[in-house]
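Data block for data13.cif (mmCIF, N, CA and C atoms):
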data_my_file
#
loop_
_atom_site.label_atom_id
_atom_site.label_comp_id
_atom_site.auth_asym_id
_atom_site.auth_seq_id
_atom_site.Cartn_x
_atom_site.Cartn_y
_atom_site.Cartn_z
N MET A 29 86.92 99.14 87.38
CA MET A 29 88.12 99.33 88.16
C MET A 29 87.78 100.24 89.34
N ALA A 30 88.34 99.91 90.46
CA ALA A 30 88.07 100.73 91.64
C ALA A 30 89.37 101.06 92.35
N GLY A 31 89.54 102.33 92.62
CA GLY A 31 90.64 102.77 93.44
C GLY A 31 90.12 102.96 94.85
N ASN A 32 90.95 103.50 95.70
CA ASN A 32 90.48 103.77 97.05
C ASN A 32 91.20 104.97 97.64
N VAL A 33 90.57 105.52 98.67
CA VAL A 33 91.11 106.65 99.41
C VAL A 33 91.07 106.28 100.88
N HIS A 34 92.19 106.45 101.56
CA HIS A 34 92.18 106.19 103.00
C HIS A 34 93.10 107.16 103.72
N LYS A 35 92.84 107.32 105.02
CA LYS A 35 93.61 108.26 105.84
C LYS A 35 94.84 107.55 106.39
N ARG A 36 95.99 108.20 106.25
CA ARG A 36 97.26 107.67 106.72
C ARG A 36 97.48 108.06 108.18
N PRO A 37 98.38 107.37 108.88
CA PRO A 37 98.68 107.72 110.27
C PRO A 37 99.21 109.14 110.44
N ASN A 38 99.83 109.70 109.39
CA ASN A 38 100.36 111.07 109.48
C ASN A 38 99.28 112.13 109.26
N GLY A 39 98.02 111.71 109.07
CA GLY A 39 96.92 112.65 108.90
C GLY A 39 96.61 113.00 107.46
N LYS A 40 97.46 112.59 106.52
CA LYS A 40 97.21 112.86 105.11
C LYS A 40 96.30 111.78 104.53
N TRP A 41 95.68 112.11 103.41
CA TRP A 41 94.83 111.17 102.70
C TRP A 41 95.61 110.62 101.52
N ARG A 42 95.46 109.33 101.25
CA ARG A 42 96.15 108.69 100.14
C ARG A 42 95.13 108.11 99.18
N ALA A 43 95.23 108.54 97.93
CA ALA A 43 94.38 107.99 96.88
C ALA A 43 95.25 107.08 96.02
N ARG A 44 94.71 105.93 95.67
CA ARG A 44 95.48 105.02 94.81
C ARG A 44 94.56 104.26 93.87
N TYR A 45 95.14 103.88 92.75
CA TYR A 45 94.40 103.13 91.73
C TYR A 45 95.39 102.27 90.97
N ARG A 46 94.88 101.37 90.16
CA ARG A 46 95.70 100.54 89.30
C ARG A 46 95.44 100.95 87.85
N ASP A 47 96.52 101.05 87.09
CA ASP A 47 96.40 101.45 85.69
C ASP A 47 96.01 100.24 84.84
N PRO A 48 95.82 100.43 83.53
CA PRO A 48 95.42 99.31 82.67
C PRO A 48 96.41 98.15 82.68
N SER A 49 97.68 98.39 83.00
CA SER A 49 98.65 97.29 83.06
C SER A 49 98.80 96.76 84.50
N HIS A 50 97.87 97.15 85.37
CA HIS A 50 97.77 96.68 86.76
C HIS A 50 98.87 97.19 87.69
N ARG A 51 99.57 98.24 87.30
CA ARG A 51 100.54 98.87 88.21
C ARG A 51 99.80 99.85 89.10
N GLU A 52 100.24 99.92 90.35
CA GLU A 52 99.58 100.81 91.30
C GLU A 52 100.18 102.21 91.23
N HIS A 53 99.31 103.22 91.32
CA HIS A 53 99.71 104.62 91.38
C HIS A 53 99.03 105.22 92.60
N ALA A 54 99.77 106.04 93.34
CA ALA A 54 99.21 106.65 94.55
C ALA A 54 99.70 108.08 94.68
N ARG A 55 98.92 108.87 95.39
CA ARG A 55 99.28 110.27 95.61
C ARG A 55 98.70 110.72 96.95
N PRO A 56 99.48 111.46 97.74
CA PRO A 56 98.98 111.96 99.02
C PRO A 56 98.28 113.31 98.88
N PHE A 57 97.31 113.56 99.76
CA PHE A 57 96.56 114.81 99.76
C PHE A 57 96.32 115.26 101.20
N ASP A 58 96.17 116.55 101.38
CA ASP A 58 95.85 117.10 102.70
C ASP A 58 94.37 116.94 103.02
N ARG A 59 93.52 117.00 101.97
CA ARG A 59 92.07 116.92 102.19
C ARG A 59 91.48 115.73 101.46
N LYS A 60 90.52 115.09 102.08
CA LYS A 60 89.87 113.93 101.47
C LYS A 60 89.17 114.29 100.17
N VAL A 61 88.55 115.44 100.14
CA VAL A 61 87.82 115.85 98.93
C VAL A 61 88.77 115.95 97.73
N ASP A 62 90.00 116.42 97.96
CA ASP A 62 90.96 116.49 96.87
C ASP A 62 91.39 115.11 96.40
N ALA A 63 91.56 114.19 97.34
CA ALA A 63 91.92 112.82 96.99
C ALA A 63 90.80 112.16 96.19
N ASP A 64 89.56 112.34 96.64
CA ASP A 64 88.41 111.78 95.92
C ASP A 64 88.31 112.33 94.50
N ARG A 65 88.51 113.62 94.38
CA ARG A 65 88.41 114.27 93.07
C ARG A 65 89.50 113.76 92.12
N TRP A 66 90.73 113.68 92.60
CA TRP A 66 91.84 113.20 91.78
C TRP A 66 91.60 111.76 91.34
N LEU A 67 91.16 110.93 92.27
CA LEU A 67 90.89 109.53 91.94
C LEU A 67 89.79 109.42 90.89
N ALA A 68 88.74 110.22 91.02
CA ALA A 68 87.65 110.19 90.04
C ALA A 68 88.15 110.57 88.65
N VAL A 69 89.00 111.59 88.57
CA VAL A 69 89.55 112.01 87.28
C VAL A 69 90.38 110.89 86.66
N MET A 70 91.21 110.22 87.47
CA MET A 70 92.04 109.12 86.96
C MET A 70 91.16 107.97 86.46
N GLU A 71 90.14 107.61 87.22
CA GLU A 71 89.27 106.51 86.83
C GLU A 71 88.49 106.81 85.56
N VAL A 72 88.01 108.04 85.42
CA VAL A 72 87.28 108.42 84.21
C VAL A 72 88.21 108.40 83.00
N SER A 73 89.43 108.92 83.16
CA SER A 73 90.35 108.95 82.01
C SER A 73 90.72 107.53 81.59
N ILE A 74 90.85 106.61 82.54
CA ILE A 74 91.13 105.21 82.18
C ILE A 74 89.94 104.61 81.45
N SER A 75 88.75 104.82 81.95
CA SER A 75 87.57 104.22 81.32
C SER A 75 87.32 104.78 79.92
N ARG A 76 87.71 106.02 79.67
CA ARG A 76 87.55 106.62 78.34
C ARG A 76 88.71 106.28 77.39
N GLY A 77 89.75 105.67 77.92
CA GLY A 77 90.92 105.37 77.10
C GLY A 77 91.82 106.57 76.90
N GLU A 78 91.70 107.58 77.75
CA GLU A 78 92.48 108.81 77.63
C GLU A 78 93.62 108.88 78.64
N TRP A 79 93.78 107.86 79.46
CA TRP A 79 94.77 107.88 80.52
C TRP A 79 96.18 107.84 79.95
N LEU A 80 97.07 108.65 80.52
CA LEU A 80 98.47 108.67 80.13
C LEU A 80 99.32 108.29 81.33
N ASP A 81 100.30 107.46 81.10
CA ASP A 81 101.18 107.03 82.19
C ASP A 81 102.00 108.21 82.69
N PRO A 82 101.94 108.51 83.99
CA PRO A 82 102.71 109.63 84.52
C PRO A 82 104.21 109.49 84.27
N ALA A 83 104.71 108.27 84.18
CA ALA A 83 106.15 108.05 83.94
C ALA A 83 106.56 108.54 82.56
N ASP A 84 105.62 108.60 81.61
CA ASP A 84 105.95 109.08 80.27
C ASP A 84 106.35 110.55 80.28
N GLY A 85 105.92 111.28 81.28
CA GLY A 85 106.27 112.70 81.38
C GLY A 85 107.63 112.94 82.00
N LYS A 86 108.34 111.88 82.33
CA LYS A 86 109.63 112.02 82.98
C LYS A 86 110.79 111.84 82.01
N VAL A 87 110.54 112.00 80.73
CA VAL A 87 111.60 111.89 79.72
C VAL A 87 112.38 113.19 79.71
N ARG A 88 113.68 113.09 79.73
CA ARG A 88 114.52 114.30 79.70
C ARG A 88 114.42 114.96 78.34
N VAL A 89 114.51 116.27 78.34
CA VAL A 89 114.38 117.05 77.11
C VAL A 89 115.44 116.63 76.11
N GLY A 90 116.65 116.41 76.56
CA GLY A 90 117.73 116.00 75.65
C GLY A 90 117.44 114.67 74.99
N ASP A 91 116.89 113.72 75.75
CA ASP A 91 116.53 112.41 75.18
C ASP A 91 115.40 112.56 74.18
N TRP A 92 114.40 113.35 74.54
CA TRP A 92 113.28 113.57 73.63
C TRP A 92 113.75 114.25 72.35
N ALA A 93 114.62 115.26 72.48
CA ALA A 93 115.11 115.99 71.32
C ALA A 93 115.91 115.07 70.40
N ALA A 94 116.70 114.17 70.95
CA ALA A 94 117.48 113.23 70.12
C ALA A 94 116.54 112.32 69.33
N GLN A 95 115.48 111.83 69.97
CA GLN A 95 114.52 110.98 69.26
C GLN A 95 113.80 111.76 68.17
N TRP A 96 113.41 112.98 68.49
CA TRP A 96 112.71 113.81 67.51
C TRP A 96 113.61 114.12 66.32
N LEU A 97 114.86 114.49 66.59
CA LEU A 97 115.79 114.82 65.52
C LEU A 97 116.07 113.62 64.63
N ALA A 98 116.17 112.45 65.23
CA ALA A 98 116.39 111.23 64.43
C ALA A 98 115.21 111.00 63.49
N GLY A 99 114.00 111.25 63.95
CA GLY A 99 112.82 111.10 63.10
C GLY A 99 112.80 112.11 61.97
N VAL A 100 113.21 113.34 62.25
CA VAL A 100 113.26 114.38 61.22
C VAL A 100 114.27 113.98 60.15
N ARG A 101 115.41 113.50 60.56
CA ARG A 101 116.45 113.09 59.61
C ARG A 101 115.97 111.93 58.74
N ARG A 102 115.27 110.97 59.33
CA ARG A 102 114.75 109.84 58.53
C ARG A 102 113.75 110.33 57.49
N ARG A 103 112.89 111.27 57.87
CA ARG A 103 111.92 111.79 56.92
C ARG A 103 112.61 112.55 55.80
N GLN A 104 113.64 113.30 56.13
CA GLN A 104 114.38 114.06 55.11
C GLN A 104 115.07 113.10 54.15
N GLN A 105 115.66 112.03 54.67
CA GLN A 105 116.33 111.06 53.82
C GLN A 105 115.33 110.33 52.93
N ALA A 106 114.14 110.08 53.45
CA ALA A 106 113.12 109.40 52.65
C ALA A 106 112.66 110.29 51.49
N ARG A 107 112.60 111.59 51.70
CA ARG A 107 112.22 112.52 50.64
C ARG A 107 113.28 112.60 49.57
N CYS A 108 114.52 112.53 49.95
CA CYS A 108 115.63 112.68 49.01
C CYS A 108 115.86 111.40 48.20
N SER A 109 115.35 110.27 48.67
CA SER A 109 115.58 109.00 47.98
C SER A 109 114.70 108.82 46.80
#
Just dump the structure as structure tokens.
Amino acid sequence: MAGNVHKRPNGKWRARYRDPSHREHARPFDRKVDADRWLAVMEVSISRGEWLDPADGKVRVGDWAAQWLAGVRRRQQARCS
């Protein structure tokens, strides 16, 4: 898999890559070296199978807590049965 880094008309550098499901991810940087470094980290994490979708980190705490609490309740009910 290969991402790329290129300079935008506004003077910033843009690094982008495609994830394992072929969705594109991009991020702007002030310096090319920072864009290259970020892209390398993303590519290595994908190749090692350690990559995490950035969208997964956008779950609201309340939503996460409700899911967690539901799991705790199921485990408690399973113990009591």
(message) Could you tell me how far atom N of Ala94 of chain A sits from atom C of Glu52 of chain A, in Å to one decimal place?
(response)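 So the two atoms, atom C of Glu52 of chain A and atom N of Ala94 of chain A, lie 28.8 Å apart.
The gap separating atom CA of Glu71 of chain A from atom CA of Phe57 of chain A is 17.0 Å, in Å to one decimal.
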Looking only at the backbone, which of the residues in chain A does DSSP tag as helix (DSSP H, G or I), as a PDB file with N, CA and C atoms, in the frame of the given file?
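And here's selection-v3.pdb as it stands now:
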ATOM      1  N   LYS A  60      90.520 115.090 102.080  1.00  0.00           N
ATOM      2  CA  LYS A  60      89.870 113.930 101.470  1.00  0.00           C
ATOM      3  C   LYS A  60      89.170 114.290 100.170  1.00  0.00           C
ATOM      4  N   VAL A  61      88.550 115.440 100.140  1.00  0.00           N
ATOM      5  CA  VAL A  61      87.820 115.850  98.930  1.00  0.00           C
ATOM      6  C   VAL A  61      88.770 115.950  97.730  1.00  0.00           C
ATOM      7  N   ASP A  62      90.000 116.420  97.960  1.00  0.00           N
ATOM      8  CA  ASP A  62      90.960 116.490  96.870  1.00  0.00           C
ATOM      9  C   ASP A  62      91.390 115.110  96.400  1.00  0.00           C
ATOM     10  N   ALA A  63      91.560 114.190  97.340  1.00  0.00           N
ATOM     11  CA  ALA A  63      91.920 112.820  96.990  1.00  0.00           C
ATOM     12  C   ALA A  63      90.800 112.160  96.190  1.00  0.00           C
ATOM     13  N   ASP A  64      89.560 112.340  96.640  1.00  0.00           N
ATOM     14  CA  ASP A  64      88.410 111.780  95.920  1.00  0.00           C
ATOM     15  C   ASP A  64      88.310 112.330  94.500  1.00  0.00           C
ATOM     16  N   ARG A  65      88.510 113.620  94.380  1.00  0.00           N
ATOM     17  CA  ARG A  65      88.410 114.270  93.070  1.00  0.00           C
ATOM     18  C   ARG A  65      89.500 113.760  92.120  1.00  0.00           C
ATOM     19  N   TRP A  66      90.730 113.680  92.600  1.00  0.00           N
ATOM     20  CA  TRP A  66      91.840 113.200  91.780  1.00  0.00           C
ATOM     21  C   TRP A  66      91.600 111.760  91.340  1.00  0.00           C
ATOM     22  N   LEU A  67      91.160 110.930  92.270  1.00  0.00           N
ATOM     23  CA  LEU A  67      90.890 109.530  91.940  1.00  0.00           C
ATOM     24  C   LEU A  67      89.790 109.420  90.890  1.00  0.00           C
ATOM     25  N   ALA A  68      88.740 110.220  91.020  1.00  0.00           N
ATOM     26  CA  ALA A  68      87.650 110.190  90.040  1.00  0.00           C
ATOM     27  C   ALA A  68      88.150 110.570  88.650  1.00  0.00           C
ATOM     28  N   VAL A  69      89.000 111.590  88.570  1.00  0.00           N
ATOM     29  CA  VAL A  69      89.550 112.010  87.280  1.00  0.00           C
ATOM     30  C   VAL A  69      90.380 110.890  86.660  1.00  0.00           C
ATOM     31  N   MET A  70      91.210 110.220  87.470  1.00  0.00           N
ATOM     32  CA  MET A  70      92.040 109.120  86.960  1.00  0.00           C
ATOM     33  C   MET A  70      91.160 107.970  86.460  1.00  0.00           C
ATOM     34  N   GLU A  71      90.140 107.610  87.220  1.00  0.00           N
ATOM     35  CA  GLU A  71      89.270 106.510  86.830  1.00  0.00           C
ATOM     36  C   GLU A  71      88.490 106.810  85.560  1.00  0.00           C
ATOM     37  N   VAL A  72      88.010 108.040  85.420  1.00  0.00           N
ATOM     38  CA  VAL A  72      87.280 108.420  84.210  1.00  0.00           C
ATOM     39  C   VAL A  72      88.210 108.400  83.000  1.00  0.00           C
ATOM     40  N   SER A  73      89.430 108.920  83.160  1.00  0.00           N
ATOM     41  CA  SER A  73      90.350 108.950  82.010  1.00  0.00           C
ATOM     42  C   SER A  73      90.720 107.530  81.590  1.00  0.00           C
ATOM     43  N   ILE A  74      90.850 106.610  82.540  1.00  0.00           N
ATOM     44  CA  ILE A  74      91.130 105.210  82.180  1.00  0.00           C
ATOM     45  C   ILE A  74      89.940 104.610  81.450  1.00  0.00           C
ATOM     46  N   SER A  75      88.750 104.820  81.950  1.00  0.00           N
ATOM     47  CA  SER A  75      87.570 104.220  81.320  1.00  0.00           C
ATOM     48  C   SER A  75      87.320 104.780  79.920  1.00  0.00           C
ATOM     49  N   ARG A  76      87.710 106.020  79.670  1.00  0.00           N
ATOM     50  CA  ARG A  76      87.550 106.620  78.340  1.00  0.00           C
ATOM     51  C   ARG A  76      88.710 106.280  77.390  1.00  0.00           C
ATOM     52  N   PRO A  82     101.940 108.510  83.990  1.00  0.00           N
ATOM     53  CA  PRO A  82     102.710 109.630  84.520  1.00  0.00           C
ATOM     54  C   PRO A  82     104.210 109.490  84.270  1.00  0.00           C
ATOM     55  N   ALA A  83     104.710 108.270  84.180  1.00  0.00           N
ATOM     56  CA  ALA A  83     106.150 108.050  83.940  1.00  0.00           C
ATOM     57  C   ALA A  83     106.560 108.540  82.560  1.00  0.00           C
ATOM     58  N   ASP A  84     105.620 108.600  81.610  1.00  0.00           N
ATOM     59  CA  ASP A  84     105.950 109.080  80.270  1.00  0.00           C
ATOM     60  C   ASP A  84     106.350 110.550  80.280  1.00  0.00           C
ATOM     61  N   GLY A  85     105.920 111.280  81.280  1.00  0.00           N
ATOM     62  CA  GLY A  85     106.270 112.700  81.380  1.00  0.00           C
ATOM     63  C   GLY A  85     107.630 112.940  82.000  1.00  0.00           C
ATOM     64  N   LYS A  86     108.340 111.880  82.330  1.00  0.00           N
ATOM     65  CA  LYS A  86     109.630 112.020  82.980  1.00  0.00           C
ATOM     66  C   LYS A  86     110.790 111.840  82.010  1.00  0.00           C
ATOM     67  N   VAL A  89     114.510 116.270  78.340  1.00  0.00           N
ATOM     68  CA  VAL A  89     114.380 117.050  77.110  1.00  0.00           C
ATOM     69  C   VAL A  89     115.440 116.630  76.110  1.00  0.00           C
ATOM     70  N   GLY A  90     116.650 116.410  76.560  1.00  0.00           N
ATOM     71  CA  GLY A  90     117.730 116.000  75.650  1.00  0.00           C
ATOM     72  C   GLY A  90     117.440 114.670  74.990  1.00  0.00           C
ATOM     73  N   ASP A  91     116.890 113.720  75.750  1.00  0.00           N
ATOM     74  CA  ASP A  91     116.530 112.410  75.180  1.00  0.00           C
ATOM     75  C   ASP A  91     115.400 112.560  74.180  1.00  0.00           C
ATOM     76  N   TRP A  92     114.400 113.350  74.540  1.00  0.00           N
ATOM     77  CA  TRP A  92     113.280 113.570  73.630  1.00  0.00           C
ATOM     78  C   TRP A  92     113.750 114.250  72.350  1.00  0.00           C
ATOM     79  N   ALA A  93     114.620 115.260  72.480  1.00  0.00           N
ATOM     80  CA  ALA A  93     115.110 115.990  71.320  1.00  0.00           C
ATOM     81  C   ALA A  93     115.910 115.070  70.400  1.00  0.00           C
ATOM     82  N   ALA A  94     116.700 114.170  70.950  1.00  0.00           N
ATOM     83  CA  ALA A  94     117.480 113.230  70.120  1.00  0.00           C
ATOM     84  C   ALA A  94     116.540 112.320  69.330  1.00  0.00           C
ATOM     85  N   GLN A  95     115.480 111.830  69.970  1.00  0.00           N
ATOM     86  CA  GLN A  95     114.520 110.980  69.260  1.00  0.00           C
ATOM     87  C   GLN A  95     113.800 111.760  68.170  1.00  0.00           C
ATOM     88  N   TRP A  96     113.410 112.980  68.490  1.00  0.00           N
ATOM     89  CA  TRP A  96     112.710 113.810  67.510  1.00  0.00           C
ATOM     90  C   TRP A  96     113.610 114.120  66.320  1.00  0.00           C
ATOM     91  N   LEU A  97     114.860 114.490  66.590  1.00  0.00           N
ATOM     92  CA  LEU A  97     115.790 114.820  65.520  1.00  0.00           C
ATOM     93  C   LEU A  97     116.070 113.620  64.630  1.00  0.00           C
ATOM     94  N   ALA A  98     116.170 112.450  65.230  1.00  0.00           N
ATOM     95  CA  ALA A  98     116.390 111.230  64.430  1.00  0.00           C
ATOM     96  C   ALA A  98     115.210 111.000  63.490  1.00  0.00           C
ATOM     97  N   GLY A  99     114.000 111.250  63.950  1.00  0.00           N
ATOM     98  CA  GLY A  99     112.820 111.100  63.100  1.00  0.00           C
ATOM     99  C   GLY A  99     112.800 112.110  61.970  1.00  0.00           C
ATOM    100  N   VAL A 100     113.210 113.340  62.250  1.00  0.00           N
ATOM    101  CA  VAL A 100     113.260 114.380  61.220  1.00  0.00           C
ATOM    102  C   VAL A 100     114.270 113.980  60.150  1.00  0.00           C
ATOM    103  N   ARG A 101     115.410 113.500  60.560  1.00  0.00           N
ATOM    104  CA  ARG A 101     116.450 113.090  59.610  1.00  0.00           C
ATOM    105  C   ARG A 101     115.970 111.930  58.740  1.00  0.00           C
ATOM    106  N   ARG A 102     115.270 110.970  59.330  1.00  0.00           N
ATOM    107  CA  ARG A 102     114.750 109.840  58.530  1.00  0.00           C
ATOM    108  C   ARG A 102     113.750 110.330  57.490  1.00  0.00           C
ATOM    109  N   ARG A 103     112.890 111.270  57.870  1.00  0.00           N
ATOM    110  CA  ARG A 103     111.920 111.790  56.920  1.00  0.00           C
ATOM    111  C   ARG A 103     112.610 112.550  55.800  1.00  0.00           C
ATOM    112  N   GLN A 104     113.640 113.300  56.130  1.00  0.00           N
ATOM    113  CA  GLN A 104     114.380 114.060  55.110  1.00  0.00           C
ATOM    114  C   GLN A 104     115.070 113.100  54.150  1.00  0.00           C
ATOM    115  N   GLN A 105     115.660 112.030  54.670  1.00  0.00           N
ATOM    116  CA  GLN A 105     116.330 111.060  53.820  1.00  0.00           C
ATOM    117  C   GLN A 105     115.330 110.330  52.930  1.00  0.00           C
ATOM    118  N   ALA A 106     114.140 110.080  53.450  1.00  0.00           N
ATOM    119  CA  ALA A 106     113.120 109.400  52.650  1.00  0.00           C
ATOM    120  C   ALA A 106     112.660 110.290  51.490  1.00  0.00           C
ATOM    121  N   ARG A 107     112.600 111.590  51.700  1.00  0.00           N
ATOM    122  CA  ARG A 107     112.220 112.520  50.640  1.00  0.00           C
ATOM    123  C   ARG A 107     113.280 112.600  49.570  1.00  0.00           C
ATOM    124  N   CYS A 108     114.520 112.530  49.950  1.00  0.00           N
ATOM    125  CA  CYS A 108     115.630 112.680  49.010  1.00  0.00           C
ATOM    126  C   CYS A 108     115.860 111.400  48.200  1.00  0.00           C
TER     127      CYS A 108
END
Distance query Ala30 of chain A at most 6.5 Å, all atoms listed in the file, self and fewer than 5 positions along chain excluded, as a PDB file with N, CA and C atoms, in the frame of the given file:
ATOM      1  N   ARG A  44      94.710 105.930  95.670  1.00  0.00           N
ATOM      2  CA  ARG A  44      95.480 105.020  94.810  1.00  0.00           C
ATOM      3  C   ARG A  44      94.560 104.260  93.870  1.00  0.00           C
ATOM      4  N   TYR A  45      95.140 103.880  92.750  1.00  0.00           N
ATOM      5  CA  TYR A  45      94.400 103.130  91.730  1.00  0.00           C
ATOM      6  C   TYR A  45      95.390 102.270  90.970  1.00  0.00           C
ATOM      7  N   ARG A  46      94.880 101.370  90.160  1.00  0.00           N
ATOM      8  CA  ARG A  46      95.700 100.540  89.300  1.00  0.00           C
ATOM      9  C   ARG A  46      95.440 100.950  87.850  1.00  0.00           C
TER      10      ARG A  46
END
(request) Could you tell me which residues the PyMOL selection byres (((chain A and resi 41 and name CA) around 8) and name CA) grabs in this file, written as a PyMOL selection string? (result) chain A and resi 33-36+39-40+42-43+56-60+63
(message) Please report the interatomic distance between atom CA of Asn32 of chain A and atom CA of Val87 of chain A in Å with one decimal.
(response) 28.5 Å
(message) Considering only N, CA and C atoms, can you say which of A:His53, A:Leu97, A:Pro48, A:Gly31 comes closest to Ile74 of chain A?
(response) A:Pro48
(message) Would you pick out the contacts of Leu80 of chain A at 10 Å or less, using only C-alpha atoms, so that residues sharing its chain but fewer than 4 positions from it are not included, and give the list as a ChimeraX atom specification?
(response) /A:47,70,73-74,84-85
(request) Based on DSSP run over this structure's backbone, return all residues of segment 38-98 of chain A in strand (DSSP E), as a list in words. (result) Trp41, Arg42, Ala43, Arg44, Tyr45, Arg46, Glu52, His53, Ala54, Arg55, Pro56 and Phe57 of chain A
Provide segment 49-63 of chain A of the preceding structure as a file containing C-alpha atoms, as a PDB file, in the first residue's frame.
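After the write, out-v3.pdb holds the following:
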ATOM      1  CA  SER A  49     -11.269  -1.094   3.606  1.00  0.00           C
ATOM      2  CA  HIS A  50      -9.983   1.300   0.880  1.00  0.00           C
ATOM      3  CA  ARG A  51     -11.326   4.495   2.482  1.00  0.00           C
ATOM      4  CA  GLU A  52      -9.082   7.510   2.116  1.00  0.00           C
ATOM      5  CA  HIS A  53      -7.682   9.338   5.159  1.00  0.00           C
ATOM      6  CA  ALA A  54      -5.807  12.623   4.928  1.00  0.00           C
ATOM      7  CA  ARG A  55      -4.232  15.139   7.263  1.00  0.00           C
ATOM      8  CA  PRO A  56      -2.620  18.551   6.675  1.00  0.00           C
ATOM      9  CA  PHE A  57       0.823  19.518   7.994  1.00  0.00           C
ATOM     10  CA  ASP A  58       2.934  22.657   8.052  1.00  0.00           C
ATOM     11  CA  ARG A  59       6.162  20.747   7.318  1.00  0.00           C
ATOM     12  CA  LYS A  60       6.810  18.000   4.795  1.00  0.00           C
ATOM     13  CA  VAL A  61       8.910  16.027   7.264  1.00  0.00           C
ATOM     14  CA  ASP A  62       5.936  15.827   9.640  1.00  0.00           C
ATOM     15  CA  ALA A  63       3.651  14.631   6.848  1.00  0.00           C
TER      16      ALA A  63
END
